[in-house]
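Trainee: Got a file for you: run.txt, compact mmCIF, C-alpha atoms.
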```txt
# COMPACT_ATOMS: atom_id res chain seq x y z
CA MET P 11 -106.65 205.35 96.91
CA SER P 12 -103.75 207.43 95.52
CA PHE P 13 -101.79 209.87 97.69
CA HIS P 14 -103.20 212.95 95.94
CA SER P 15 -106.79 211.63 95.94
CA PHE P 16 -106.57 210.82 99.60
CA PHE P 17 -105.31 214.28 100.50
CA LEU P 18 -108.04 215.90 98.44
CA PHE P 19 -110.55 213.89 100.45
CA LEU P 20 -108.75 214.76 103.68
CA PHE P 21 -108.70 218.45 102.84
CA PHE P 22 -112.48 218.66 102.62
CA PHE P 23 -112.87 216.47 105.66
CA LEU P 24 -110.68 218.86 107.61
CA LEU P 25 -112.75 221.89 106.77
CA SER P 26 -114.98 221.03 109.72
CA PRO P 27 -113.02 221.17 113.00
CA SER P 28 -115.96 219.60 114.80
CA SER P 29 -115.23 216.38 112.90
CA ILE P 30 -111.74 216.13 114.38
CA PRO P 31 -111.29 214.50 117.80
CA SER P 32 -108.83 215.86 120.36
CA PRO P 33 -108.04 212.78 122.45
CA VAL P 34 -105.95 212.56 125.57
CA HIS P 35 -103.96 209.73 123.99
CA ALA P 36 -103.22 209.02 120.33
CA ILE P 37 -101.06 206.68 118.31
CA SER P 38 -98.43 208.06 115.96
CA PHE P 39 -98.84 210.97 113.57
CA VAL P 40 -97.78 211.19 109.95
CA ALA P 41 -97.03 213.85 107.34
CA PRO P 42 -95.70 213.68 103.76
CA ILE P 43 -92.29 215.11 102.89
CA ASP P 44 -91.73 216.51 99.39
CA LYS P 45 -88.47 217.41 97.66
CA ASP P 46 -88.22 220.57 95.56
CA ASN P 47 -86.12 219.85 92.47
CA SER P 48 -85.15 223.50 92.08
CA THR P 49 -83.79 224.28 95.56
CA LEU P 50 -83.14 220.62 96.56
CA LEU P 51 -84.86 221.41 99.87
CA TYR P 52 -87.67 219.50 101.61
CA SER P 53 -91.13 220.52 102.72
CA LEU P 54 -93.72 219.07 105.10
CA THR P 55 -97.48 219.21 104.56
CA LEU P 56 -99.79 219.68 107.55
CA TYR P 57 -103.06 221.48 108.33
CA LEU P 58 -103.25 224.86 110.04
CA LYS P 59 -105.86 227.53 110.96
CA THR P 60 -109.66 227.38 111.29
CA PRO P 61 -111.09 226.25 108.99
CA LEU P 62 -108.07 223.98 108.62
CA GLN P 63 -106.08 224.62 105.47
CA ARG P 64 -103.44 222.51 103.82
CA THR P 65 -100.11 224.22 104.57
CA ARG P 66 -96.69 223.39 103.16
CA LEU P 67 -93.67 224.36 105.27
CA HIS P 68 -89.93 224.05 104.73
CA LEU P 69 -88.63 221.15 106.84
CA ASP P 70 -85.83 222.41 109.06
CA LEU P 71 -84.22 219.70 111.16
CA GLY P 72 -82.39 222.07 113.50
CA ALA P 73 -84.83 224.97 113.96
CA SER P 74 -86.24 225.84 117.38
CA PHE P 75 -89.78 226.91 116.47
CA THR P 76 -92.10 226.98 113.49
CA TRP P 77 -92.81 230.21 111.65
CA VAL P 78 -95.40 231.15 109.03
CA ASP P 79 -95.91 234.12 106.72
CA CYS P 80 -98.89 235.81 108.40
CA ASP P 81 -99.00 238.79 106.05
CA THR P 82 -100.17 236.86 102.99
CA ASP P 83 -103.72 235.47 103.15
CA TYR P 84 -103.58 234.33 106.77
CA ASN P 85 -107.26 233.85 107.57
CA SER P 86 -108.24 231.97 110.71
CA SER P 87 -110.93 232.34 113.36
CA THR P 88 -108.85 230.72 116.12
CA TYR P 89 -105.46 232.44 116.15
CA GLN P 90 -104.44 234.09 119.41
CA HIS P 91 -101.61 236.44 120.23
CA ILE P 92 -99.49 235.62 123.28
CA PRO P 93 -99.59 238.49 125.81
CA CYS P 94 -96.32 239.94 127.03
CA GLY P 95 -95.57 238.92 130.59
CA SER P 96 -97.76 235.82 130.37
CA PRO P 97 -96.32 232.52 131.63
CA LEU P 98 -96.28 231.20 128.05
CA CYS P 99 -94.32 234.20 126.80
CA SER P 100 -91.88 233.85 129.68
CA SER P 101 -91.41 230.15 128.93
CA LEU P 102 -90.29 230.99 125.39
CA GLY P 103 -87.23 232.56 127.03
CA HIS P 104 -84.41 234.81 125.87
CA ASN P 105 -85.88 238.07 127.29
CA LEU P 106 -88.24 238.43 124.37
CA SER P 107 -89.37 241.84 123.30
CA CYS P 108 -92.96 243.09 123.28
CA SER P 109 -94.54 244.01 119.97
CA ASN P 110 -96.09 247.38 119.29
CA CYS P 111 -97.81 247.87 115.98
CA TYR P 112 -99.20 250.97 114.33
CA LYS P 113 -101.08 249.24 111.53
CA PRO P 114 -104.58 247.73 111.64
CA PRO P 115 -104.73 244.66 113.93
CA SER P 116 -103.90 241.39 112.20
CA PRO P 117 -102.14 238.11 113.01
CA SER P 118 -98.78 239.84 112.53
CA CYS P 119 -99.77 243.14 114.14
CA ALA P 120 -100.82 243.63 117.77
CA ASN P 121 -99.72 245.64 120.78
CA ASP P 122 -98.22 244.24 123.98
CA THR P 123 -97.74 240.78 122.50
CA CYS P 124 -94.87 238.33 122.72
CA SER P 125 -92.37 238.44 119.86
CA LEU P 126 -89.92 235.91 118.46
CA PHE P 127 -87.00 235.98 116.05
CA PRO P 128 -87.87 233.66 113.16
CA GLU P 129 -84.85 232.62 111.11
CA ASN P 130 -84.26 231.23 107.63
CA SER P 131 -81.36 228.81 108.11
CA VAL P 132 -80.70 228.60 104.36
CA THR P 133 -80.11 232.33 103.82
CA ARG P 134 -79.16 233.09 107.45
CA LYS P 135 -81.71 235.93 107.52
CA THR P 136 -83.84 236.72 110.55
CA ALA P 137 -86.60 239.11 111.61
CA ILE P 138 -88.72 240.02 114.62
CA SER P 139 -92.39 239.11 114.54
CA THR P 140 -95.37 238.28 116.74
CA ALA P 141 -95.85 234.89 118.35
CA LEU P 142 -99.20 233.12 117.86
CA THR P 143 -101.16 230.05 118.81
CA ASP P 144 -103.57 228.45 116.34
CA SER P 145 -105.11 225.09 115.44
CA LEU P 146 -102.97 222.46 113.76
CA ALA P 147 -103.93 218.95 112.63
CA LEU P 148 -102.01 215.86 111.54
CA PRO P 149 -103.30 212.49 110.36
CA THR P 150 -102.66 209.50 112.60
CA SER P 151 -101.00 206.26 111.56
CA ASP P 152 -100.47 202.75 112.83
CA GLY P 153 -97.22 202.61 110.88
CA TRP P 154 -98.94 201.25 107.78
CA VAL P 155 -102.12 203.18 106.91
CA GLN P 156 -103.53 206.55 107.87
CA GLY P 157 -106.25 207.02 110.42
CA PRO P 158 -108.31 210.13 111.19
CA PRO P 159 -106.54 213.46 111.76
CA LEU P 160 -106.21 214.80 115.29
CA LEU P 161 -106.33 218.43 116.37
CA LEU P 162 -103.69 220.31 118.34
CA GLN P 163 -105.74 223.34 119.39
CA SER P 164 -103.02 225.74 120.54
CA TYR P 165 -99.93 225.18 118.43
CA ILE P 166 -97.27 227.76 119.23
CA PHE P 167 -95.35 229.41 116.39
CA SER P 168 -94.14 232.75 115.07
CA CYS P 169 -95.32 234.95 112.27
CA SER P 170 -92.74 236.10 109.76
CA PRO P 171 -92.51 238.71 106.99
CA PRO P 172 -92.86 237.36 103.42
CA SER P 173 -89.23 238.32 102.73
CA LEU P 174 -88.04 235.53 105.05
CA LEU P 175 -89.29 232.95 102.52
CA GLN P 176 -86.58 233.95 100.02
CA GLY P 177 -84.27 231.03 99.25
CA LEU P 178 -86.86 228.38 100.14
CA ALA P 179 -89.05 226.39 97.74
CA ASN P 180 -91.63 228.55 95.97
CA ASN P 181 -94.62 226.64 97.31
CA VAL P 182 -93.88 226.92 101.04
CA THR P 183 -95.40 229.52 103.36
CA GLY P 184 -93.11 229.09 106.33
CA LEU P 185 -90.84 226.70 108.20
CA ALA P 186 -91.57 223.59 110.29
CA ALA P 187 -89.09 223.25 113.15
CA PHE P 188 -87.79 219.82 114.17
CA GLY P 189 -84.98 220.88 116.55
CA ARG P 190 -84.38 219.97 120.19
CA SER P 191 -86.48 222.88 121.48
CA ASN P 192 -89.62 222.30 123.57
CA TYR P 193 -91.48 224.34 120.93
CA SER P 194 -90.51 222.35 117.84
CA LEU P 195 -93.25 220.49 115.98
CA PRO P 196 -92.31 217.02 117.33
CA ALA P 197 -92.04 218.36 120.89
CA GLN P 198 -95.45 220.05 120.83
CA VAL P 199 -97.10 216.94 119.33
CA SER P 200 -95.47 214.80 122.02
CA ASN P 201 -96.41 217.14 124.88
CA THR P 202 -100.00 217.67 123.72
CA PHE P 203 -100.91 214.04 123.09
CA SER P 204 -98.60 212.39 125.65
CA VAL P 205 -96.89 210.31 122.99
CA SER P 206 -93.25 209.25 123.03
CA ARG P 207 -90.50 211.78 122.30
CA TYR P 208 -89.62 210.09 119.03
CA PHE P 209 -89.85 211.18 115.45
CA ALA P 210 -88.64 209.52 112.27
CA LEU P 211 -87.76 211.04 108.89
CA CYS P 212 -87.48 209.31 105.55
CA LEU P 213 -86.51 211.91 102.95
CA PRO P 214 -87.57 211.15 99.36
CA GLY P 215 -84.93 210.58 96.71
CA SER P 216 -86.79 212.51 94.01
CA GLY P 217 -89.40 215.22 93.57
CA SER P 218 -92.02 212.91 92.13
CA ASP P 219 -93.25 210.98 95.19
CA PRO P 220 -93.24 211.99 98.87
CA GLY P 221 -91.26 210.58 101.75
CA VAL P 222 -92.65 210.63 105.27
CA ALA P 223 -92.31 212.05 108.78
CA LEU P 224 -93.68 209.98 111.68
CA PHE P 225 -94.19 211.44 115.15
CA GLY P 226 -94.58 209.78 118.54
CA SER P 227 -93.88 206.17 117.58
CA VAL P 228 -90.94 203.81 118.08
CA GLY P 229 -92.31 201.69 115.21
CA PRO P 230 -93.26 199.66 113.38
CA TYR P 231 -92.58 201.71 110.25
CA TYR P 232 -93.96 199.76 107.32
CA PHE P 233 -92.89 200.46 103.73
CA SER P 234 -93.86 198.95 100.36
CA SER P 235 -96.69 196.52 99.67
CA GLN P 236 -94.57 193.86 101.34
CA LYS P 237 -94.92 195.70 104.70
CA ILE P 238 -91.18 195.92 105.31
CA ASP P 239 -90.72 197.14 108.90
CA LEU P 240 -87.70 199.45 108.75
CA SER P 241 -87.65 199.93 112.54
CA LYS P 242 -86.05 196.48 112.72
CA SER P 243 -83.09 197.73 110.68
CA LEU P 244 -82.17 200.65 112.94
CA VAL P 245 -78.66 200.94 114.38
CA TYR P 246 -78.18 203.48 117.17
CA THR P 247 -75.60 206.09 118.05
CA PRO P 248 -75.76 208.81 120.76
CA LEU P 249 -76.91 212.32 119.93
CA ILE P 250 -74.32 214.89 121.00
CA LEU P 251 -75.27 218.24 122.53
CA ASN P 252 -73.43 221.25 121.13
CA PRO P 253 -73.12 223.69 124.08
CA VAL P 254 -73.24 226.78 121.85
CA GLY P 255 -76.09 227.75 119.54
CA SER P 256 -75.41 228.71 115.92
CA THR P 257 -78.49 230.81 115.12
CA VAL P 258 -78.06 234.36 113.85
CA ILE P 259 -79.17 235.66 117.25
CA THR P 260 -77.49 233.58 119.94
CA TYR P 261 -77.81 233.62 123.74
CA ALA P 262 -75.06 232.95 126.26
CA GLY P 263 -75.34 229.57 127.91
CA VAL P 264 -78.05 228.30 125.54
CA PRO P 265 -77.03 225.14 123.65
CA SER P 266 -77.77 224.44 120.01
CA ASP P 267 -81.09 222.85 119.03
CA GLU P 268 -79.38 221.09 116.11
CA TYR P 269 -78.61 217.36 116.10
CA TYR P 270 -74.97 216.31 116.33
CA ILE P 271 -73.63 212.75 116.20
CA ASN P 272 -70.33 211.25 117.26
CA VAL P 273 -68.60 210.39 113.98
CA THR P 274 -65.09 209.23 114.94
CA SER P 275 -63.61 208.28 111.56
CA PHE P 276 -64.28 207.73 107.84
CA ASN P 277 -63.80 204.62 105.73
CA VAL P 278 -63.72 204.38 101.94
CA ASN P 279 -64.37 200.86 100.66
CA GLY P 280 -63.92 199.66 104.23
CA LYS P 281 -60.46 201.24 104.54
CA PRO P 282 -59.87 204.03 107.10
CA ILE P 283 -58.67 207.41 105.83
CA GLN P 284 -56.24 209.61 107.72
CA ILE P 285 -57.85 212.76 109.11
CA ASN P 286 -57.33 215.01 112.10
CA SER P 287 -59.70 213.34 114.58
CA SER P 288 -59.85 216.47 116.76
CA LEU P 289 -61.94 218.10 114.03
CA LEU P 290 -64.67 215.53 114.71
CA THR P 291 -65.13 216.63 118.32
CA VAL P 292 -67.32 219.55 119.37
CA ASP P 293 -65.20 221.89 121.51
CA ALA P 294 -66.25 224.25 124.30
CA ASN P 295 -66.84 227.04 121.76
CA GLY P 296 -69.25 224.91 119.72
CA SER P 297 -66.82 224.33 116.85
CA GLY P 298 -66.11 221.01 115.16
CA GLY P 299 -68.14 217.81 115.18
CA THR P 300 -70.76 216.38 112.84
CA LYS P 301 -74.36 217.58 112.47
CA LEU P 302 -77.37 216.68 110.36
CA SER P 303 -78.93 219.43 108.25
CA THR P 304 -81.86 219.73 105.85
CA ALA P 305 -80.75 223.29 105.04
CA THR P 306 -77.76 221.93 103.09
CA PRO P 307 -78.38 219.91 99.91
CA TYR P 308 -75.03 218.09 100.00
CA THR P 309 -72.64 217.07 102.76
CA VAL P 310 -70.08 219.80 103.48
CA LEU P 311 -66.63 218.85 104.83
CA GLU P 312 -63.79 220.84 106.34
CA THR P 313 -61.05 221.16 103.69
CA SER P 314 -58.54 218.63 105.06
CA ILE P 315 -61.30 216.04 105.56
CA TYR P 316 -62.64 216.75 102.07
CA ASN P 317 -59.20 216.35 100.51
CA ALA P 318 -58.54 213.07 102.33
CA LEU P 319 -61.96 211.68 101.37
CA THR P 320 -61.78 212.62 97.69
CA GLU P 321 -58.20 211.32 97.36
CA ALA P 322 -59.17 207.96 98.87
CA PHE P 323 -62.34 207.80 96.76
CA VAL P 324 -60.42 208.46 93.52
CA ASN P 325 -57.81 205.84 94.43
CA GLU P 326 -60.42 203.20 95.20
CA SER P 327 -62.39 204.10 92.07
CA SER P 328 -59.34 203.52 89.88
CA ALA P 329 -59.44 199.86 90.92
CA LEU P 330 -62.91 199.78 89.31
CA ASN P 331 -61.39 201.20 86.09
CA LEU P 332 -63.04 204.57 86.69
CA THR P 333 -61.16 207.64 85.48
CA VAL P 334 -61.90 211.14 86.71
CA THR P 335 -63.30 213.46 84.04
CA ASP P 336 -63.94 217.22 83.99
CA ALA P 337 -65.50 218.43 87.23
CA VAL P 338 -68.89 220.12 87.41
CA LYS P 339 -69.32 222.72 90.14
CA PRO P 340 -69.84 222.61 93.07
CA PHE P 341 -68.18 219.17 92.90
CA SER P 342 -64.56 218.30 92.11
CA VAL P 343 -64.68 214.54 91.39
CA CYS P 344 -66.78 213.35 88.43
CA TYR P 345 -66.89 210.28 86.19
CA SER P 346 -68.43 209.52 82.83
CA ALA P 347 -71.87 207.99 83.35
CA ALA P 348 -71.13 205.55 80.52
CA ASP P 349 -68.40 203.94 82.65
CA ILE P 350 -70.52 203.36 85.74
CA ILE P 351 -72.86 200.42 86.31
CA VAL P 352 -76.01 201.32 88.27
CA SER P 353 -77.50 198.79 90.70
CA ARG P 354 -80.35 198.80 93.21
CA VAL P 355 -78.28 201.01 95.53
CA GLY P 356 -77.20 203.41 92.81
CA PRO P 357 -73.94 203.89 90.90
CA GLY P 358 -71.33 201.18 91.48
CA VAL P 359 -68.67 203.23 93.25
CA PRO P 360 -66.69 202.80 96.48
CA THR P 361 -68.76 202.93 99.66
CA ILE P 362 -68.18 205.62 102.30
CA ASP P 363 -68.67 204.82 105.99
CA TRP P 364 -69.21 207.26 108.82
CA VAL P 365 -67.89 205.28 111.78
CA MET P 366 -69.51 206.07 115.12
CA GLN P 367 -68.67 204.99 118.69
CA SER P 368 -67.12 201.67 117.61
CA GLU P 369 -65.87 200.04 114.41
CA ASP P 370 -69.01 197.92 114.08
CA VAL P 371 -71.37 200.92 114.29
CA PHE P 372 -71.23 202.78 110.99
CA TRP P 373 -73.54 204.57 108.58
CA ARG P 374 -72.74 203.27 105.09
CA VAL P 375 -73.19 205.61 102.13
CA PHE P 376 -73.79 203.80 98.84
CA GLY P 377 -73.68 205.33 95.37
CA SER P 378 -77.37 206.29 95.49
CA ASN P 379 -76.45 208.80 98.22
CA SER P 380 -72.83 209.62 97.44
CA MET P 381 -73.23 210.38 93.72
CA VAL P 382 -75.14 213.10 91.84
CA ARG P 383 -76.08 212.80 88.15
CA ILE P 384 -75.39 215.94 86.13
CA GLY P 385 -75.91 215.47 82.41
CA ASP P 386 -73.63 212.69 81.20
CA VAL P 387 -71.49 212.48 84.36
CA TRP P 388 -71.82 211.20 87.90
CA CYS P 389 -70.17 213.43 90.53
CA LEU P 390 -69.21 212.73 94.13
CA GLY P 391 -71.85 214.74 96.03
CA PHE P 392 -69.66 216.22 98.75
CA VAL P 393 -68.60 219.86 98.98
CA ASP P 394 -65.45 221.57 100.30
CA GLY P 395 -66.51 223.74 103.27
CA GLY P 396 -63.26 225.64 103.73
CA VAL P 397 -60.46 225.63 106.29
CA ASN P 398 -62.22 226.89 109.42
CA PRO P 399 -65.95 226.11 109.27
CA ARG P 400 -67.92 226.14 112.48
CA THR P 401 -68.94 222.50 111.95
CA SER P 402 -66.41 220.10 110.40
CA VAL P 403 -68.96 217.73 108.88
CA VAL P 404 -72.48 218.81 107.89
CA ILE P 405 -74.42 215.81 106.60
CA GLY P 406 -76.73 217.22 103.93
CA GLY P 407 -80.05 216.18 102.50
CA ARG P 408 -78.73 214.12 99.58
CA GLN P 409 -76.86 211.80 101.92
CA MET P 410 -79.99 211.30 104.09
CA GLU P 411 -82.39 210.47 101.25
CA ASP P 412 -83.90 206.98 101.27
CA ASN P 413 -82.42 206.42 104.73
CA LEU P 414 -84.78 206.06 107.69
CA LEU P 415 -83.63 208.22 110.61
CA GLN P 416 -85.26 207.89 114.03
CA PHE P 417 -84.64 210.66 116.59
CA ASP P 418 -85.11 209.16 120.04
CA LEU P 419 -85.19 212.19 122.33
CA HIS P 420 -86.13 210.06 125.34
CA SER P 421 -82.83 208.16 125.23
CA ASN P 422 -80.97 210.92 123.33
CA ARG P 423 -79.90 208.75 120.41
CA LEU P 424 -80.19 208.55 116.63
CA GLY P 425 -81.32 205.40 114.86
CA PHE P 426 -80.27 204.98 111.23
CA THR P 427 -80.75 202.26 108.64
CA SER P 428 -78.28 203.21 105.89
CA SER P 429 -79.92 203.01 102.46
CA VAL P 430 -83.36 201.40 102.57
CA LEU P 431 -82.95 200.65 98.84
CA LEU P 432 -80.89 197.69 100.02
CA LYS P 433 -84.04 196.42 101.76
CA GLY P 434 -86.03 196.52 98.53
CA THR P 435 -87.99 199.66 99.37
CA ALA P 436 -87.70 203.47 99.32
CA CYS P 437 -88.88 206.41 101.39
CA SER P 438 -91.58 207.03 98.77
CA ASP P 439 -93.06 203.58 99.49
CA PHE P 440 -94.91 204.58 102.65
CA ASN P 441 -98.66 203.93 102.34
CA PHE P 442 -100.56 207.23 102.51
CA GLY P 443 -103.89 205.54 101.79
CA SER P 444 -106.68 205.50 104.41
CA LYS P 445 -108.27 202.57 106.15
CA GLY P 446 -111.34 200.97 104.70
```
If you took the structure in this file and wrote it as structure tokens, what would it be?

Mentor:
Amino acid sequence: MSFHSFFLFLFFFLLSPSSIPSPVHAISFVAPIDKDNSTLLYSLTLYLKTPLQRTRLHLDLGASFTWVDCDTDYNSSTYQHIPCGSPLCSSLGHNLSCSNCYKPPSPSCANDTCSLFPENSVTRKTAISTALTDSLALPTSDGWVQGPPLLLQSYIFSCSPPSLLQGLANNVTGLAAFGRSNYSLPAQVSNTFSVSRYFALCLPGSGSDPGVALFGSVGPYYFSSQKIDLSKSLVYTPLILNPVGSTVITYAGVPSDEYYINVTSFNVNGKPIQINSSLLTVDANGSGGTKLSTATPYTVLETSIYNALTEAFVNESSALNLTVTDAVKPFSVCYSAADIIVSRVGPGVPTIDWVMQSEDVFWRVFGSNSMVRIGDVWCLGFVDGGVNPRTSVVIGGRQMEDNLLQFDLHSNRLGFTSSVLLKGTACSDFNFGSKG
């Protein structure tokens, strides 16, 4: 059964909540990830409300809580506001305000209810809106095929005004949070169903076929008809806690919910480049270091790191008889596509390594992730982030595509595979068909 046919079947199946079990224990959960070719951002498809409705949300790797536009066609028989002063409201923290509304009652309008500050991390806009609980469902998986969906009856999220959707893909109605918070989507799935604090992302390399998010499983993660288990290819590095949050509204003493890793150096074609290593460390003010972001299409580097990387890349490329041609913004290093041979792992250009805690632990970036095709040129897909950015290295979506990333929040580490194209598969090769 094709992906779209299966989800059409699943949609009608989900219209009856009574058909969905709510077990004490479940295996892993799965959701498709789509790439929007216009914004170059990623979205996650899940099921929300009663009756359950297919809902597409922007995938935000560092956000604290999910938010949804409740002002546009939000119809559900099971949504509940969270009363001010209730234990749940208090647990959301940050001295939240109480909502008072002078319009007719609705999901986004109620008196004496808990409020949150939903944020669009792409545009850096925020708002204040009511907090809700409602039904959410995700299909299960054994790592290879989908099983029946399971119901999370009181998923906690925030409403948002429609204006907060600006800058995101046109077909999304909100944001799915994957950050470190106890109220992110992975955390609520884990807490509700008592599954492991793991989730894995495999971002698709194009807008034609979906990648996948897997929740609550350490593996196996099977891809392609050959059942290639990518969990066996994972290499691990510690996740680093940034002590200072970077949201529009920040709170003293509250650390960031974003994911930082301990990149210690860069290699180009296996050769180290000279950079100021202090820029790669997160300081007491939250500046510096390396984070992962789905809000940024391309990796953004502090200026001195960017200059050192591009200089080394150009020098190594010259040994391959590649000559820099006119740049295409926002990039500064481009080559004629006619001069570049393309292999299974993309354009044949020098590799880039992000070296972690030791020389033998590195994330290798092949041409499929380092280069971007624009017309008749290939450009190095890294962007100059300026002299004093808050974060020195922001690894963007392009560089994470067709790489399996496992976030192990039990052991506080990141597992990464480097390009799965080298394994003869892709993130779009996950089997979304059902059993039977």

Trainee: For the atom pair CA of Pro253 in chain P and CA of Leu290 in chain P, what is the interatomic distance in Å to one decimal place?

Mentor: 15.0 Å

Trainee: Do a neighbour search on Ala348 in chain P at 12 Å with only C-alpha atoms, toss out local chain neighbours closer than 6 positions, and write the hits as an mmCIF file with C-alpha atoms, in the frame of the given file.

Mentor:
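Listed below is the output, selection-v9.cif:
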```cif
data_model
loop_
_atom_site.group_PDB
_atom_site.id
_atom_site.type_symbol
_atom_site.label_atom_id
_atom_site.label_comp_id
_atom_site.auth_asym_id
_atom_site.auth_seq_id
_atom_site.Cartn_x
_atom_site.Cartn_y
_atom_site.Cartn_z
ATOM 1 C CA LEU P 332 -63.040 204.570 86.690
ATOM 2 C CA THR P 333 -61.160 207.640 85.480
ATOM 3 C CA THR P 335 -63.300 213.460 84.040
ATOM 4 C CA PRO P 357 -73.940 203.890 90.900
ATOM 5 C CA GLY P 358 -71.330 201.180 91.480
ATOM 6 C CA ARG P 383 -76.080 212.800 88.150
ATOM 7 C CA GLY P 385 -75.910 215.470 82.410
ATOM 8 C CA ASP P 386 -73.630 212.690 81.200
ATOM 9 C CA VAL P 387 -71.490 212.480 84.360
ATOM 10 C CA TRP P 388 -71.820 211.200 87.900
#
```

Trainee: Could you please determine the separation between CA of Ala329 in chain P and CA of Asp363 in chain P in Å, to one decimal place?

Mentor: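 Pair CA of Ala329 in chain P / CA of Asp363 in chain P returns 18.4 Å.
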
Trainee: List as an MDAnalysis selection string: which residues have an atom within 9 Å of (-102.2, 238.6, 111.9), counting only C-alpha atoms?

Mentor: chainID P and resid 80:81 84:85 89 91 115:120 140 142 169

Trainee: I'd like the contact shell of Val334 in chain P - 9 Å cut-off, all atoms listed in the file, skipping same-chain residues fewer than 4 positions apart - returned as a tab-separated table (two decimals) with C-alpha atoms, in the coordinates of the input.

Mentor:
```
chain	number	residue	atom	x	y	z
P	324	VAL	CA	-60.42	208.46	93.52
P	327	SER	CA	-62.39	204.10	92.07
P	328	SER	CA	-59.34	203.52	89.88
P	343	VAL	CA	-64.68	214.54	91.39
P	344	CYS	CA	-66.78	213.35	88.43
P	345	TYR	CA	-66.89	210.28	86.19
P	346	SER	CA	-68.43	209.52	82.83
```

Trainee: Can you build me a table of range 360-435 of chain P residues sitting at most 10 Å from range 203-212 of chain P, with the closest atom pair per residue and its distance in Å to one decimal, using only C-alpha atoms, sorted by chain and residue number, as CSV?

Mentor:
```
residue,atom,partner,partner_atom,distance
P:Met410,CA,P:Cys212,CA,7.9
P:Glu411,CA,P:Cys212,CA,6.8
P:Asp412,CA,P:Cys212,CA,6.0
P:Asn413,CA,P:Cys212,CA,5.9
P:Leu414,CA,P:Cys212,CA,4.7
P:Leu415,CA,P:Leu211,CA,5.3
P:Gln416,CA,P:Ala210,CA,4.1
P:Phe417,CA,P:Phe209,CA,5.4
P:Asp418,CA,P:Tyr208,CA,4.7
P:Leu419,CA,P:Arg207,CA,5.3
P:His420,CA,P:Arg207,CA,5.6
P:Ser421,CA,P:Arg207,CA,9.0
P:Asn422,CA,P:Arg207,CA,9.6
P:Arg423,CA,P:Tyr208,CA,9.9
P:Leu424,CA,P:Ala210,CA,9.6
P:Gly425,CA,P:Ala210,CA,8.8
P:Phe426,CA,P:Ala210,CA,9.6
P:Val430,CA,P:Cys212,CA,9.4
```

Trainee: Using all atoms listed in the file, collect all residues at a distance of at most 12 Å from (-69.7, 202.3, 115.7) as written in the file, then present them as a list in words.

Mentor: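 Answer for this query, in the requested form: Val245, Tyr246, Thr247, Pro248, Ile271, Asn272, Val273, Thr274, Ser275, Phe276, Asn277, Asp363, Trp364, Val365, Met366, Gln367, Ser368, Glu369, Asp370, Val371, Phe372, Trp373, Arg374 and Phe426 of chain P.
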
Trainee: Which is closer to Val404 in chain P than all the others in P:Leu390, P:Leu311, P:Ala223, P:Leu319, using all atoms listed in the file?

Mentor: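 With all atoms listed in the file as the atom set, the closest residue is P:Leu311.
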